[in-house]
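J.: Please read through the structure below; I'll follow up with questions.
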Amino acid sequence: MPRAGPPEEPPAPRADPLGEPFLRARFSLPSLPAGFLRRQRLAGHLDRALGTPLTLLNGPAGAGKTLLAADWAAGLRRPVAWLTTEAADRRPGVFWSYVLQALRASGVPLSPAVGAPADAAAVDRRLLATLAAELSEQSRPAVLVLDEYDRLPDPETAGQLEFVLHHAGPGLRLVLVSRTEPLLPLHRYRAAGDLTEIRASELAFTPDEAALLLASHGLDLPDRAVRALVDRTRGWAAGLRLFALAARESDDPERYLKEFEAGSSTIADFLLAEVLKGQTEETQDLLLRVSVLERFRPDLADALTLRSDAGPLLAGLCRANAFVERLGHTWYRLHPLFAEILRAHLRERLPGLEPELHRRAAAWFHRSGMLGETLGHGAAAGDWDLAASALVADLAIGRFFTGLHTDDLAALFSRMGPEPATPAADLVRAARDLARRDTDQGLARLRRAGEHPAGDSPDDAAARMSRALLETLAARLTGCPARGEEAAAAADATRPRLPGRLLDAHPELTALLLTHLGSARLWAGHFEDAHAALTAAAGSPAATSTALPRKEALAHLALLDYLNGWPGRAERKALAAASEAERAGLPERAGSGLDRLVLAAVAVERHELDRARSLLDEAARHGRDPRDPVPTAGRALVAARLALAGGAVRDAAETARPPLSTTAPSPWAVGHEALVTAVRHLAEGRPDEAAEELRAVPADQPACVAEAAAIQLASGHTGAAADLLDGIRADGRAGPAVHVRTALVRAGAAAGAGDRAAARGLVRRALLDARRERLRRPFLDAGAWLGPLLAEAPLRELAEGWLTPGPPGSPGRDRQGLPEPPPPPLAAAELSGRERDVLERLARMMSTEEIAADLFVSLNTVKTHLKSVYRKLAVNRRSDAVRRARDLGLL
């Protein structure tokens with residue numbers, strides 16, 4: 001008899017345990033759509049699946065999980081068993097029948113001993129053990145991809161799958177594509193390094209990938225538009241693709257992006273069908289209601305639903321990747337597109353509910369001490385009483401004036417109408433009016449707010465403190481120090497009634513109040529009191545919210561020093577004020593620009609006229625407030641003195657009078673205006689009128705008195721000049737600028753009387769004082785008598801190189817025939833470490849691009865540092881910066 005061969009393997013079953021034929025489409029790789037973008041970073045990550053027993057692709061609907069897996073599987077040079085699971089697979093017998101069929105269809109050799117499930121509801125453990133054993137003996141591991149695995153929430157099936165995976169060892173590579181977290185012990189695989197994971201954050205498209213995807217659909221959008229689309233979709237693959245398909249039908253895709261309404265689009269259809277409609281009625285209601293929130297916690301969600309089941313519902317939605325993201329610390333948020341669609345759906349299903357939801361949210365945030373969200377939701381609800389009361393009760397009304405997000409706050413409350421007529425609402429309206437310098441309307445609001453009876457609650461105390469702040473600002477803007485003093489006294493009386501935590505949380509309130517009070521005092525000429533308030537404001541806690549008042553306080557202190565004749569001190573404080581603003585990242589137009597006005601005034605005194613013009617222009621760009629008296633008068637002062645230095649006497653006189661309407665005139669502003677007018681009279685041959693004009697110069701302003709004495713001397717009124725100088729008190733307030741002018745006036749009088757020795761000694765004293773401060777204007781204004789004295793040897797040596805041309809080889813002359821001024825006494829410590837790095841490379845003649853590359857920073861960062869270096873060194877060009885830095889020993 002012929003020898004019998006091995007028994008033939010029975011054919012694989014052609015039906016599942018239900019008797020239904022196997023559906024071949026479930027074993028086929030999904031086809032890739034036209035315009036599919038293969039992302040190499042994800043494909044490379046997925047290649048690690050061949051080295052780990054378990055791989056998980058986990059993300060929301062439309063994240064691109066299936067297409068990623070299909071593209072990867074198609075690119076492998078080996079068979080892949082693919083199975084798209086369905087709801088019917090929840091029965092173990094059906095599921096394992098399909099798994100075995102997928103493995104056999106991909107060419108995995110399974111013996112008849114494995115068998116097949118006979119019962120749809122169960123599977124024999126022997127079958128699973130035999131399958132695992134045969135897979136473990138494979139020469140090359142089988143790759144099994146289970147797509148849409150989230151359809152199998154059955155823990156029994158998951159336990160069987162984990163059994164086979166564990167005992168198959170290196171013979172099986174399982175890839176799960178799922179929206180939800182599978183019921184497998186992922187922590188053990190993760191700890192052992194046996195798990196490859198690609199989750200939603202990695203599946204999201206980057207801006208570069210989004211640009212390539214759009215290009216594959218024929219769309220060429222600018223980078224900013226692509227980034228805006230990625231931000232709006234959070235890189236969600238389906239959203240990007242659906243947008244691209246719709247936008248390419250538009251004549252202007254970029255405009256389509258800006259006007260795109262997600263609530264009435266194919267994206268809405270997708271999310272409503274794939275995410276919302278599959279949820280329970282309670283979950284749908286929860287999602288619709290929290291769509292009005294940027295972020296939410298379970299107790300906040302409960303406040304909106306008036307139920308108590310938000311905690312487990314949100315946790316389940318997050319696990320299911322149902323476009324609910326966990327932020328940490330029990331906070332969640334919705335995907336922005338999903339939220340946009342849900343809000344549109346909310347208005348259709350529950351019309352009129354949205355304002356009430358915002359009101360409930362505002363009340364919850366207010367109870368929780370979260371002011372920003374309280375204001376936003378209060379405004380969205382139209383509950384302006386709640387929003388205004390929250391702002392005032394939190395002592396946060398100063399945020400209207402900090403320069404940080406003040407425009408957002410003003411815009412939010414700009415929608416508030418005449419109702420409600422509550423004290424808090426009137427205070428907020430007053431703050432809004434004063435912030436835009438409508439003092440008349442602001443004062444009317446303040447009066448109305450003060451008509452309400454005052455209580456003793458913390459909220460009432462907060463309202464009184466808020467009003468005190470606004471009153472000091474009104475005092476500053478109207479030039480009324482008495483109002484400011486009264487408001488400051490009210491603030492001092494109220495402060496003990498306020499919770500310490502509130503005062504600590506809002507240091508800007510006290511800093512602003514002191515700055516406004518100091519400015520009002522300065523305007524009134526109360527220099528010592530102004531100095532006390534401004535010094536306290538400048539010493540406020542170094543918080544971001546106090547940066548602007550600290551900057552303004554320093555700038556006002558700089559002006560005080562200038563008015564008292566201390567130009568060097570004034571310059572240092574003004575530079576410190578500018579640095580304060582830069583460190584805090586304040587907007588350029590935040591503040592009054594007073595710091596630059598002081599620097600310009602000092603530059604005029606040093607006869608650095610080009611620099612003074614540049615600084616005056618900068619001051620106009622950085623802050624021009626015609627209703628703020630101190631900087632407005634300061635601007636007039638500097639512009640007039642600059643015009644005088646340039647010989648434009650008539651222009652100077654017309655510029656000296658600022659267009660201000662204040663409660664009381666400022667002594668120093670009046671004095672400087674009188675000086676300029678007197679100079680015009682003198683220049684036009686009217687010495688008596690000049691002398692008459694000088695009567696307006698206040699006797700308690702030493703700098704003004706010294707200049708008035710110089711004008712009297714030039715008018716031929718030597719005795720009147722001496723009388724003025726004798727009236728200057730020797731109290732230590734007057735600085736070197738006053739001493740220099742005083743010495744020169746006395747020297748001029750001595751020279752006129754023929755006492756050259758006395759004149760020479762006085763000029764020597766003036767030169768010594770002026771050289772330290774580099775004051776040149778007093779000598780240029782002194783008159784013809786000074787020239788012969790400066791030509792004499794002892795004085796000539798003191799003046800050479802900074803006031804008069806030096807010996808051969810000394811620095812060149814400027815357009816006025818005077819030597820170039822030396823650099824200002826900038827402290828080296830004022831340059832940061834990174835600014836020094838940039839400066840050193842500047843000295844090596846490196847371009848901006850080369851500096852950026854050498855320091856591994858962006859081009860914009862280098863430009864920012866250069867701008868800061870130029871400002872601190874008081875230059876406008878590279879070569880000047882390098883020269884000045886070398887003079888200062890910085891290089």
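Going by the structure tokens order, chains are called A, B, ..., each with residues numbered from 1, while ligands are numbered from 1 in the order shown.
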Neighbouring residues of Val175 of chain A were defined as those with any atom within 8 Å, considering only C-alpha atoms; residues of the same chain fewer than 5 positions away were excluded. Please report them as number ranges by chain.

T.: A: 49, 54-57, 143-146

J.: Against segment 688-706 of chain A, which residues of segment 531-632 of chain A fall within 12 Å? For each one I want the closest pair of atoms and the distance in Å (one decimal), counting only C-alpha atoms, rows by chain and increasing residue number, as a Markdown table.

T.:
| residue | atom | partner | partner_atom | distance |
| --- | --- | --- | --- | --- |
| A:Leu560 | CA | A:Gln701 | CA | 11.1 |
| A:Asp561 | CA | A:Ala703 | CA | 10.6 |
| A:Tyr562 | CA | A:Ala703 | CA | 8.9 |
| A:Leu563 | CA | A:Ala703 | CA | 6.5 |
| A:Asn564 | CA | A:Ala703 | CA | 6.0 |
| A:Gly565 | CA | A:Ala703 | CA | 5.9 |
| A:Trp566 | CA | A:Ala703 | CA | 9.7 |
| A:Pro567 | CA | A:Ala703 | CA | 11.4 |

J.: May I have all residues of segment 530-728 of chain A that DSSP, computed from the backbone, assigns to alpha helix (DSSP H), given as an MDAnalysis selection string?

T.: chainID A and resid 530:538 547:563 567:584 594:605 609:622 629:645 649:655 667:683 687:693 702:714 718:726

J.: What are the DSSP strand (DSSP E or B) residues of segment 322-395 of chain A, as a VMD selection string?

T.: chain A and resid 324 to 328 331 to 334

J.: Using atom CA of Pro79 of chain A and atom CA of Ser106 of chain A as the two end points, give the distance in Å to one decimal.

T.: 5.6 Å

J.: Near Ala70 of chain A, counting only C-alpha atoms, which residues have an atom at most 10 Å away, once you skip same-chain residues fewer than 4 positions from it, shown as a PyMOL selection string?

T.: chain A and resi 28-32+65-66+74-75+80+82+145+147

J.: May I have the residues within 10 Å of segment 422-426 of chain A as a ChimeraX atom specification, using only C-alpha atoms and disregarding those fewer than 3 positions away in the same chain?

T.: /A:384-393,413,416-419,429-432,442,444-454,459-460,462-464,466-467

J.: Pick out the residues sitting within 12 Å of Ser832 of chain A, and hand them over as an MDAnalysis selection string; count only C-alpha atoms, and ignore anything fewer than 3 positions along from it in its own chain.

T.: chainID A and resid 579 582:583 827:829 835:839 865:866 868:869 872 890

J.: Could you list, as a ChimeraX atom specification, every residue within 9 Å of segment 640-644 of chain A, counting only C-alpha atoms and ignoring same-chain residues fewer than 2 positions away?

T.: /A:600-601,604-605,609,612-613,635-638,646-657,673,676,679

J.: So that I can check the surroundings of Pro788 of chain A, please list as a PyMOL selection string every protein, DNA and RNA residue that reaches within 12 Å of it, counting only C-alpha atoms and ignoring chain neighbours fewer than 5 positions away.

T.: chain A and resi 748+751+756+759-760+763+783+793+795-796

J.: Would you mind telling me which residue in A:Pro778, A:His717, A:Gly372, A:Pro109 lies nearest to His739 of chain A when using only C-alpha atoms?

T.: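 Once distances to His739 of chain A are computed over only C-alpha atoms, the minimum belongs to A:Pro778.
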
J.: Atom CA of Ala339 of chain A and atom CA of Arg289 of chain A are how many Å apart?

T.: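 Atom-to-atom, atom CA of Ala339 of chain A to atom CA of Arg289 of chain A, that is 9.9 Å.
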
J.: Distance atom CA of Glu261 of chain A-atom CA of Gly376 of chain A, one decimal place?

T.: 22.0 Å

J.: Rank nothing, just name the residue among A:Val108, A:Thr478, A:Leu357, A:Gly44 nearest to His377 of chain A, using only C-alpha atoms.

T.: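 Looking only at the distances to His377 of chain A, the closest residue turns out to be A:Leu357.
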